[in-house]
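The file run03.txt comes next; it holds compact mmCIF, N, CA and C atoms.
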# COMPACT_ATOMS: atom_id res chain seq x y z
N MET S 1 29.98 -92.84 -10.52
CA MET S 1 28.79 -93.25 -9.80
C MET S 1 27.65 -93.44 -10.79
N ALA S 2 27.01 -94.56 -10.73
CA ALA S 2 25.87 -94.86 -11.61
C ALA S 2 24.64 -94.12 -11.13
N THR S 3 23.88 -93.64 -12.07
CA THR S 3 22.64 -92.95 -11.74
C THR S 3 21.48 -93.81 -12.21
N GLY S 4 20.61 -94.17 -11.30
CA GLY S 4 19.41 -94.90 -11.63
C GLY S 4 18.21 -94.01 -11.42
N ILE S 5 17.06 -94.56 -11.65
CA ILE S 5 15.84 -93.77 -11.53
C ILE S 5 15.66 -93.19 -10.13
N SER S 6 16.05 -93.94 -9.10
CA SER S 6 15.81 -93.47 -7.73
C SER S 6 16.66 -92.26 -7.34
N ASN S 7 17.80 -92.06 -8.00
CA ASN S 7 18.60 -90.88 -7.66
C ASN S 7 18.90 -90.02 -8.89
N ASP S 8 18.10 -90.15 -9.92
CA ASP S 8 18.23 -89.33 -11.12
C ASP S 8 17.64 -87.95 -10.82
N PRO S 9 18.42 -86.88 -10.98
CA PRO S 9 17.91 -85.53 -10.69
C PRO S 9 16.63 -85.19 -11.46
N LEU S 10 16.45 -85.78 -12.62
CA LEU S 10 15.23 -85.55 -13.40
C LEU S 10 14.00 -86.09 -12.67
N ASN S 11 14.20 -87.08 -11.82
CA ASN S 11 13.09 -87.74 -11.12
C ASN S 11 12.92 -87.24 -9.68
N LEU S 12 13.80 -86.36 -9.23
CA LEU S 12 13.75 -85.91 -7.83
C LEU S 12 13.21 -84.49 -7.73
N LEU S 13 12.28 -84.30 -6.82
CA LEU S 13 11.72 -82.98 -6.56
C LEU S 13 11.72 -82.74 -5.06
N ALA S 14 12.10 -81.54 -4.65
CA ALA S 14 12.03 -81.17 -3.24
C ALA S 14 10.61 -80.69 -2.95
N VAL S 15 9.92 -81.40 -2.05
CA VAL S 15 8.55 -81.03 -1.69
C VAL S 15 8.39 -81.15 -0.18
N ASP S 16 7.37 -80.50 0.34
CA ASP S 16 7.09 -80.63 1.76
C ASP S 16 6.48 -82.00 2.04
N SER S 17 6.54 -82.42 3.28
CA SER S 17 6.11 -83.78 3.63
C SER S 17 4.62 -84.01 3.39
N SER S 18 3.78 -83.01 3.61
CA SER S 18 2.35 -83.24 3.41
C SER S 18 2.02 -83.45 1.94
N THR S 19 2.70 -82.72 1.03
CA THR S 19 2.48 -82.93 -0.40
C THR S 19 2.99 -84.31 -0.81
N ASN S 20 4.13 -84.70 -0.29
CA ASN S 20 4.69 -86.02 -0.59
C ASN S 20 3.74 -87.13 -0.13
N ARG S 21 3.18 -86.98 1.06
CA ARG S 21 2.24 -87.99 1.58
C ARG S 21 0.96 -88.01 0.76
N SER S 22 0.47 -86.84 0.34
CA SER S 22 -0.79 -86.81 -0.41
C SER S 22 -0.64 -87.48 -1.78
N LYS S 23 0.57 -87.39 -2.36
CA LYS S 23 0.80 -88.04 -3.64
C LYS S 23 0.86 -89.55 -3.49
N GLY S 24 1.56 -90.03 -2.49
CA GLY S 24 1.72 -91.47 -2.32
C GLY S 24 2.29 -92.08 -3.58
N ASP S 25 1.65 -93.14 -4.10
CA ASP S 25 2.11 -93.75 -5.34
C ASP S 25 1.19 -93.40 -6.50
N GLY S 26 0.46 -92.29 -6.35
CA GLY S 26 -0.46 -91.86 -7.41
C GLY S 26 0.27 -91.45 -8.68
N ASP S 27 -0.37 -91.72 -9.82
CA ASP S 27 0.18 -91.28 -11.10
C ASP S 27 -0.58 -90.04 -11.55
N THR S 28 -0.29 -89.57 -12.75
CA THR S 28 -0.93 -88.35 -13.26
C THR S 28 -2.45 -88.46 -13.34
N ALA S 29 -2.95 -89.68 -13.52
CA ALA S 29 -4.40 -89.87 -13.61
C ALA S 29 -5.08 -89.70 -12.26
N THR S 30 -4.32 -89.88 -11.17
CA THR S 30 -4.94 -89.84 -9.83
C THR S 30 -4.42 -88.71 -8.96
N TRP S 31 -3.31 -88.06 -9.35
CA TRP S 31 -2.76 -86.99 -8.51
C TRP S 31 -1.99 -86.00 -9.36
N LEU S 32 -2.20 -84.72 -9.09
CA LEU S 32 -1.42 -83.64 -9.69
C LEU S 32 -1.02 -82.67 -8.59
N PRO S 33 0.08 -81.94 -8.76
CA PRO S 33 0.48 -80.97 -7.74
C PRO S 33 -0.62 -79.96 -7.46
N PRO S 34 -0.81 -79.60 -6.20
CA PRO S 34 -1.85 -78.62 -5.88
C PRO S 34 -1.56 -77.24 -6.50
N TYR S 35 -0.30 -76.91 -6.70
CA TYR S 35 0.09 -75.64 -7.31
C TYR S 35 -0.06 -75.78 -8.83
N LYS S 36 -1.16 -75.27 -9.37
CA LYS S 36 -1.52 -75.49 -10.77
C LYS S 36 -0.46 -74.99 -11.75
N ALA S 37 0.24 -73.93 -11.41
CA ALA S 37 1.25 -73.38 -12.32
C ALA S 37 2.42 -74.34 -12.52
N PHE S 38 2.58 -75.34 -11.67
CA PHE S 38 3.68 -76.29 -11.76
C PHE S 38 3.29 -77.58 -12.47
N ARG S 39 2.02 -77.75 -12.77
CA ARG S 39 1.55 -79.03 -13.32
C ARG S 39 2.19 -79.37 -14.66
N CYS S 40 2.34 -78.41 -15.55
CA CYS S 40 2.96 -78.70 -16.85
C CYS S 40 4.39 -79.18 -16.67
N THR S 41 5.15 -78.51 -15.84
CA THR S 41 6.53 -78.91 -15.58
C THR S 41 6.58 -80.29 -14.96
N TYR S 42 5.70 -80.54 -14.00
CA TYR S 42 5.65 -81.84 -13.32
C TYR S 42 5.36 -82.97 -14.31
N VAL S 43 4.37 -82.79 -15.15
CA VAL S 43 3.99 -83.85 -16.10
C VAL S 43 5.07 -84.00 -17.18
N ALA S 44 5.65 -82.90 -17.65
CA ALA S 44 6.71 -82.99 -18.65
C ALA S 44 7.89 -83.80 -18.09
N ARG S 45 8.22 -83.59 -16.82
CA ARG S 45 9.30 -84.37 -16.20
C ARG S 45 8.92 -85.84 -16.10
N GLN S 46 7.66 -86.13 -15.78
CA GLN S 46 7.21 -87.53 -15.71
C GLN S 46 7.37 -88.21 -17.06
N VAL S 47 6.95 -87.54 -18.12
CA VAL S 47 7.06 -88.12 -19.46
C VAL S 47 8.54 -88.37 -19.78
N ALA S 48 9.41 -87.40 -19.46
CA ALA S 48 10.83 -87.55 -19.74
C ALA S 48 11.43 -88.73 -18.97
N VAL S 49 11.08 -88.86 -17.69
CA VAL S 49 11.61 -89.96 -16.87
C VAL S 49 11.10 -91.30 -17.39
N LYS S 50 9.81 -91.38 -17.67
CA LYS S 50 9.24 -92.64 -18.15
C LYS S 50 9.86 -93.03 -19.49
N GLY S 51 10.11 -92.06 -20.35
CA GLY S 51 10.76 -92.35 -21.62
C GLY S 51 12.21 -92.78 -21.44
N LYS S 52 12.92 -92.09 -20.57
CA LYS S 52 14.34 -92.40 -20.34
C LYS S 52 14.52 -93.82 -19.83
N TYR S 53 13.63 -94.28 -18.96
CA TYR S 53 13.76 -95.60 -18.34
C TYR S 53 12.82 -96.65 -18.95
N GLY S 54 12.11 -96.28 -20.01
CA GLY S 54 11.23 -97.25 -20.69
C GLY S 54 10.09 -97.74 -19.81
N LEU S 55 9.55 -96.86 -18.95
CA LEU S 55 8.47 -97.25 -18.04
C LEU S 55 7.12 -97.18 -18.73
N TRP S 56 6.20 -98.02 -18.32
CA TRP S 56 4.86 -98.11 -18.89
C TRP S 56 3.96 -97.01 -18.36
N VAL S 57 2.93 -96.70 -19.12
CA VAL S 57 1.85 -95.83 -18.67
C VAL S 57 0.53 -96.53 -18.97
N THR S 58 -0.45 -96.30 -18.13
CA THR S 58 -1.78 -96.84 -18.39
C THR S 58 -2.49 -95.88 -19.33
N THR S 59 -3.59 -96.33 -19.88
CA THR S 59 -4.37 -95.47 -20.77
C THR S 59 -4.85 -94.23 -20.02
N ALA S 60 -5.32 -94.43 -18.78
CA ALA S 60 -5.80 -93.28 -17.99
C ALA S 60 -4.67 -92.29 -17.72
N GLU S 61 -3.47 -92.81 -17.42
CA GLU S 61 -2.33 -91.93 -17.16
C GLU S 61 -1.93 -91.18 -18.44
N ARG S 62 -1.89 -91.88 -19.56
CA ARG S 62 -1.55 -91.25 -20.84
C ARG S 62 -2.56 -90.14 -21.17
N ASP S 63 -3.85 -90.42 -20.97
CA ASP S 63 -4.89 -89.42 -21.24
C ASP S 63 -4.72 -88.20 -20.35
N ALA S 64 -4.41 -88.43 -19.06
CA ALA S 64 -4.22 -87.32 -18.13
C ALA S 64 -2.98 -86.50 -18.52
N MET S 65 -1.91 -87.17 -18.90
CA MET S 65 -0.70 -86.45 -19.33
C MET S 65 -0.99 -85.59 -20.55
N THR S 66 -1.73 -86.15 -21.48
CA THR S 66 -2.09 -85.43 -22.70
C THR S 66 -2.93 -84.21 -22.37
N ARG S 67 -3.91 -84.37 -21.47
CA ARG S 67 -4.77 -83.24 -21.07
C ARG S 67 -3.95 -82.12 -20.44
N VAL S 68 -3.05 -82.48 -19.52
CA VAL S 68 -2.25 -81.45 -18.84
C VAL S 68 -1.35 -80.75 -19.83
N LEU S 69 -0.62 -81.51 -20.64
CA LEU S 69 0.33 -80.89 -21.56
C LEU S 69 -0.35 -80.10 -22.67
N ALA S 70 -1.62 -80.40 -22.96
CA ALA S 70 -2.37 -79.61 -23.94
C ALA S 70 -2.59 -78.18 -23.46
N THR S 71 -2.51 -77.95 -22.15
CA THR S 71 -2.68 -76.61 -21.60
C THR S 71 -1.41 -75.78 -21.69
N CYS S 72 -0.31 -76.42 -22.10
CA CYS S 72 0.97 -75.71 -22.21
C CYS S 72 1.71 -76.22 -23.45
N PRO S 73 1.19 -75.92 -24.64
CA PRO S 73 1.71 -76.49 -25.88
C PRO S 73 3.16 -76.14 -26.19
N THR S 74 3.71 -75.09 -25.59
CA THR S 74 5.11 -74.74 -25.87
C THR S 74 6.07 -75.38 -24.87
N MET S 75 5.53 -76.15 -23.92
CA MET S 75 6.37 -76.80 -22.90
C MET S 75 7.21 -77.88 -23.56
N GLY S 76 8.52 -77.77 -23.41
CA GLY S 76 9.41 -78.82 -23.89
C GLY S 76 9.63 -79.84 -22.80
N LEU S 77 10.06 -81.03 -23.18
CA LEU S 77 10.38 -82.05 -22.19
C LEU S 77 11.83 -81.88 -21.77
N PRO S 78 12.11 -81.99 -20.47
CA PRO S 78 13.48 -81.81 -20.00
C PRO S 78 14.35 -82.99 -20.34
N GLY S 79 15.64 -82.80 -20.26
CA GLY S 79 16.59 -83.89 -20.49
C GLY S 79 17.44 -83.61 -21.70
N PRO S 80 18.56 -84.31 -21.81
CA PRO S 80 19.48 -84.09 -22.93
C PRO S 80 18.92 -84.64 -24.23
N GLY S 81 19.33 -84.01 -25.31
CA GLY S 81 18.97 -84.52 -26.63
C GLY S 81 17.50 -84.38 -26.94
N SER S 82 17.04 -85.25 -27.75
CA SER S 82 15.67 -85.24 -28.20
C SER S 82 14.81 -86.00 -27.19
N ALA S 83 13.99 -85.30 -26.44
CA ALA S 83 13.18 -85.93 -25.40
C ALA S 83 12.04 -86.73 -26.00
N PRO S 84 11.58 -87.74 -25.29
CA PRO S 84 10.49 -88.56 -25.81
C PRO S 84 9.16 -87.80 -25.78
N THR S 85 8.20 -88.33 -26.47
CA THR S 85 6.86 -87.78 -26.42
C THR S 85 5.96 -88.77 -25.70
N ILE S 86 4.78 -88.33 -25.33
CA ILE S 86 3.83 -89.23 -24.67
C ILE S 86 3.55 -90.42 -25.58
N ALA S 87 3.40 -90.17 -26.88
CA ALA S 87 3.08 -91.25 -27.82
C ALA S 87 4.18 -92.32 -27.86
N ALA S 88 5.40 -91.95 -27.50
CA ALA S 88 6.51 -92.91 -27.55
C ALA S 88 6.57 -93.81 -26.33
N LEU S 89 5.82 -93.49 -25.28
CA LEU S 89 5.88 -94.29 -24.05
C LEU S 89 5.14 -95.61 -24.24
N PRO S 90 5.73 -96.70 -23.74
CA PRO S 90 5.02 -97.99 -23.82
C PRO S 90 3.76 -97.97 -22.98
N ARG S 91 2.74 -98.68 -23.44
CA ARG S 91 1.46 -98.69 -22.74
C ARG S 91 1.19 -100.05 -22.13
N THR S 92 0.34 -100.04 -21.13
CA THR S 92 -0.18 -101.27 -20.58
C THR S 92 -1.68 -101.10 -20.43
N GLY S 93 -2.42 -102.17 -20.54
CA GLY S 93 -3.87 -102.11 -20.38
C GLY S 93 -4.59 -101.48 -21.55
N SER S 94 -3.96 -101.48 -22.72
CA SER S 94 -4.62 -100.90 -23.88
C SER S 94 -4.04 -101.52 -25.14
N ALA S 95 -4.59 -101.13 -26.26
CA ALA S 95 -4.09 -101.63 -27.54
C ALA S 95 -2.66 -101.15 -27.75
N PRO S 96 -1.88 -101.87 -28.53
CA PRO S 96 -0.50 -101.43 -28.79
C PRO S 96 -0.48 -100.05 -29.43
N ALA S 97 0.57 -99.30 -29.12
CA ALA S 97 0.74 -97.97 -29.71
C ALA S 97 0.94 -98.09 -31.21
N PRO S 98 0.36 -97.18 -31.98
CA PRO S 98 0.56 -97.24 -33.43
C PRO S 98 2.04 -97.05 -33.75
N GLN S 99 2.54 -97.79 -34.71
CA GLN S 99 3.94 -97.70 -35.10
C GLN S 99 4.05 -96.78 -36.31
N PRO S 100 5.16 -96.01 -36.38
CA PRO S 100 5.33 -95.14 -37.54
C PRO S 100 5.56 -95.97 -38.79
N ALA S 101 5.20 -95.41 -39.92
CA ALA S 101 5.43 -96.09 -41.19
C ALA S 101 6.93 -96.24 -41.40
N PRO S 102 7.35 -97.31 -42.04
CA PRO S 102 8.78 -97.47 -42.30
C PRO S 102 9.31 -96.34 -43.18
N ALA S 103 10.58 -96.04 -43.02
CA ALA S 103 11.20 -94.99 -43.82
C ALA S 103 11.19 -95.41 -45.29
N PRO S 104 10.97 -94.45 -46.16
CA PRO S 104 10.99 -94.80 -47.58
C PRO S 104 12.38 -95.29 -47.99
N VAL S 105 12.43 -96.21 -48.92
CA VAL S 105 13.70 -96.76 -49.39
C VAL S 105 14.21 -95.84 -50.51
N PRO S 106 15.43 -95.30 -50.33
CA PRO S 106 15.96 -94.41 -51.37
C PRO S 106 16.38 -95.20 -52.60
N PRO S 107 16.41 -94.55 -53.75
CA PRO S 107 16.87 -95.23 -54.96
C PRO S 107 18.31 -95.72 -54.77
N ALA S 108 18.66 -96.82 -55.41
CA ALA S 108 20.01 -97.37 -55.30
C ALA S 108 21.03 -96.31 -55.71
N GLY S 109 22.08 -96.18 -54.92
CA GLY S 109 23.15 -95.24 -55.20
C GLY S 109 22.87 -93.82 -54.76
N ALA S 110 21.67 -93.53 -54.25
CA ALA S 110 21.34 -92.18 -53.82
C ALA S 110 22.06 -91.86 -52.52
N THR S 111 22.50 -90.63 -52.37
CA THR S 111 23.13 -90.17 -51.14
C THR S 111 22.04 -89.52 -50.29
N ILE S 112 21.93 -90.00 -49.06
CA ILE S 112 20.93 -89.46 -48.14
C ILE S 112 21.63 -88.51 -47.18
N TYR S 113 21.06 -87.33 -46.99
CA TYR S 113 21.60 -86.35 -46.05
C TYR S 113 20.44 -85.73 -45.29
N TYR S 114 20.58 -85.67 -43.97
CA TYR S 114 19.59 -85.00 -43.13
C TYR S 114 20.28 -83.84 -42.43
N ALA S 115 19.70 -82.66 -42.53
CA ALA S 115 20.27 -81.47 -41.90
C ALA S 115 20.19 -81.55 -40.38
N ASN S 116 19.12 -82.18 -39.88
CA ASN S 116 18.91 -82.25 -38.44
C ASN S 116 17.87 -83.33 -38.13
N CYS S 117 17.58 -83.52 -36.85
CA CYS S 117 16.63 -84.56 -36.44
C CYS S 117 15.21 -84.26 -36.92
N ASP S 118 14.85 -83.00 -37.06
CA ASP S 118 13.52 -82.69 -37.60
C ASP S 118 13.39 -83.26 -39.01
N ALA S 119 14.45 -83.17 -39.81
CA ALA S 119 14.43 -83.71 -41.17
C ALA S 119 14.36 -85.24 -41.14
N VAL S 120 15.08 -85.86 -40.20
CA VAL S 120 15.04 -87.32 -40.06
C VAL S 120 13.61 -87.76 -39.73
N ARG S 121 12.98 -87.08 -38.77
CA ARG S 121 11.61 -87.43 -38.37
C ARG S 121 10.63 -87.20 -39.52
N ALA S 122 10.79 -86.09 -40.23
CA ALA S 122 9.89 -85.79 -41.34
C ALA S 122 9.97 -86.86 -42.43
N ALA S 123 11.15 -87.47 -42.57
CA ALA S 123 11.34 -88.52 -43.57
C ALA S 123 10.88 -89.88 -43.06
N GLY S 124 10.48 -89.93 -41.78
CA GLY S 124 10.04 -91.20 -41.20
C GLY S 124 11.19 -92.13 -40.88
N ALA S 125 12.40 -91.60 -40.72
CA ALA S 125 13.59 -92.43 -40.51
C ALA S 125 14.06 -92.43 -39.05
N ALA S 126 13.35 -91.79 -38.15
CA ALA S 126 13.79 -91.73 -36.74
C ALA S 126 13.24 -92.92 -35.95
N PRO S 127 14.00 -93.46 -35.04
CA PRO S 127 15.40 -93.14 -34.79
C PRO S 127 16.28 -93.72 -35.90
N ILE S 128 17.40 -93.05 -36.13
CA ILE S 128 18.32 -93.47 -37.18
C ILE S 128 19.54 -94.10 -36.51
N HIS S 129 19.98 -95.23 -37.05
CA HIS S 129 21.07 -96.01 -36.43
C HIS S 129 22.35 -95.89 -37.25
N ARG S 130 23.49 -96.00 -36.54
CA ARG S 130 24.78 -96.02 -37.21
C ARG S 130 24.72 -97.10 -38.30
N GLY S 131 25.11 -96.75 -39.50
CA GLY S 131 25.06 -97.67 -40.63
C GLY S 131 23.85 -97.43 -41.53
N ASP S 132 22.81 -96.78 -41.02
CA ASP S 132 21.65 -96.46 -41.85
C ASP S 132 22.02 -95.34 -42.83
N PRO S 133 21.41 -95.34 -44.04
CA PRO S 133 21.66 -94.23 -44.96
C PRO S 133 21.25 -92.91 -44.29
N GLY S 134 22.13 -91.92 -44.35
CA GLY S 134 21.84 -90.62 -43.79
C GLY S 134 22.29 -90.43 -42.35
N TYR S 135 22.74 -91.53 -41.69
CA TYR S 135 23.22 -91.38 -40.31
C TYR S 135 24.45 -90.49 -40.30
N ALA S 136 24.51 -89.60 -39.31
CA ALA S 136 25.68 -88.76 -39.09
C ALA S 136 25.85 -88.58 -37.59
N SER S 137 27.08 -88.51 -37.14
CA SER S 137 27.34 -88.39 -35.69
C SER S 137 26.69 -87.14 -35.10
N LYS S 138 26.49 -86.10 -35.90
CA LYS S 138 25.84 -84.88 -35.39
C LYS S 138 24.39 -85.15 -34.97
N LEU S 139 23.79 -86.25 -35.47
CA LEU S 139 22.40 -86.60 -35.11
C LEU S 139 22.35 -87.45 -33.85
N ASP S 140 23.51 -87.87 -33.34
CA ASP S 140 23.61 -88.79 -32.22
C ASP S 140 24.28 -88.09 -31.04
N ARG S 141 23.52 -87.32 -30.29
CA ARG S 141 24.06 -86.50 -29.22
C ARG S 141 24.78 -87.27 -28.13
N ASP S 142 24.29 -88.47 -27.80
CA ASP S 142 24.92 -89.22 -26.70
C ASP S 142 25.91 -90.26 -27.19
N GLY S 143 26.13 -90.34 -28.51
CA GLY S 143 27.15 -91.21 -29.06
C GLY S 143 26.89 -92.70 -28.92
N ASP S 144 25.62 -93.10 -28.78
CA ASP S 144 25.32 -94.52 -28.57
C ASP S 144 25.01 -95.26 -29.86
N GLY S 145 25.17 -94.57 -31.01
CA GLY S 145 24.90 -95.22 -32.28
C GLY S 145 23.45 -95.09 -32.75
N ILE S 146 22.63 -94.40 -31.95
CA ILE S 146 21.23 -94.20 -32.32
C ILE S 146 20.98 -92.69 -32.31
N GLY S 147 20.64 -92.14 -33.46
CA GLY S 147 20.41 -90.71 -33.56
C GLY S 147 18.93 -90.39 -33.54
N CYS S 148 18.62 -89.18 -33.14
CA CYS S 148 17.25 -88.66 -33.17
C CYS S 148 16.29 -89.55 -32.38
N GLU S 149 16.75 -90.04 -31.22
CA GLU S 149 15.91 -90.92 -30.40
C GLU S 149 14.97 -90.13 -29.54
Let's see the structure in the file written out as structure tokens.
Amino acid sequence: MATGISNDPLNLLAVDSSTNRSKGDGDTATWLPPYKAFRCTYVARQVAVKGKYGLWVTTAERDAMTRVLATCPTMGLPGPGSAPTIAALPRTGSAPAPQPAPAPVPPAGATIYYANCDAVRAAGAAPIHRGDPGYASKLDRDGDGIGCE
């Protein structure tokens, strides 16, 4: 069975009807759960879903997500593998997101090895693709040929 955004467990929350109606189609910039202790979890799930499906965020929504998640700096994003960050989400209605600097080119004949995805990111090589210097299957949790995504 194929899982799309509409039936992805990451995107589904059980809520009472009045909370569901009050949210409507509001985003993080216009609506947050009334139960404040759940806001970090709610926004972290939104970031994960938007990253997983390549959905856009407005500048106001991105700013609101950043504000909420700043109140819970140890909150991880849910989902398998390396979850996206707010900065990785595509934007609309604003300037293009800054792009990371290209990975440094190793000297000819050098062997590249990364212990983990943190090392790949620190080297500016993330995401790393099958065939790139330093790529290893251990960096590619979902086996799609792209590691540390």
Spatial neighbours of stretch 8-24 of chain S, 7 Å, all atoms listed in the file, chain gap at least 4 places, as a PyMOL selection string: chain S and resi 3-4+31+45+49
Exercise: stretch 136-143 of chain S partners within 8 Å, all atoms listed in the file, chain neighbours under 3 positions left out, as an MDAnalysis selection string: chainID S and resid 80:82 114:117 128:133 146:149
Nearest residue to S:Thr59 from the set S:Ala29, S:Ala37, S:Met75, S:Ile112 (distances using only N, CA and C atoms): S:Ala29
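Rounded to one decimal, atom N of S:Ser6 and atom C of S:Cys40 lie 20.3 Å from each other.
With distances taken over only C-alpha atoms, S:Thr71 is the one residue among S:Thr71, S:Thr58, S:Asn7, S:Thr111 lying closest to S:Phe38.
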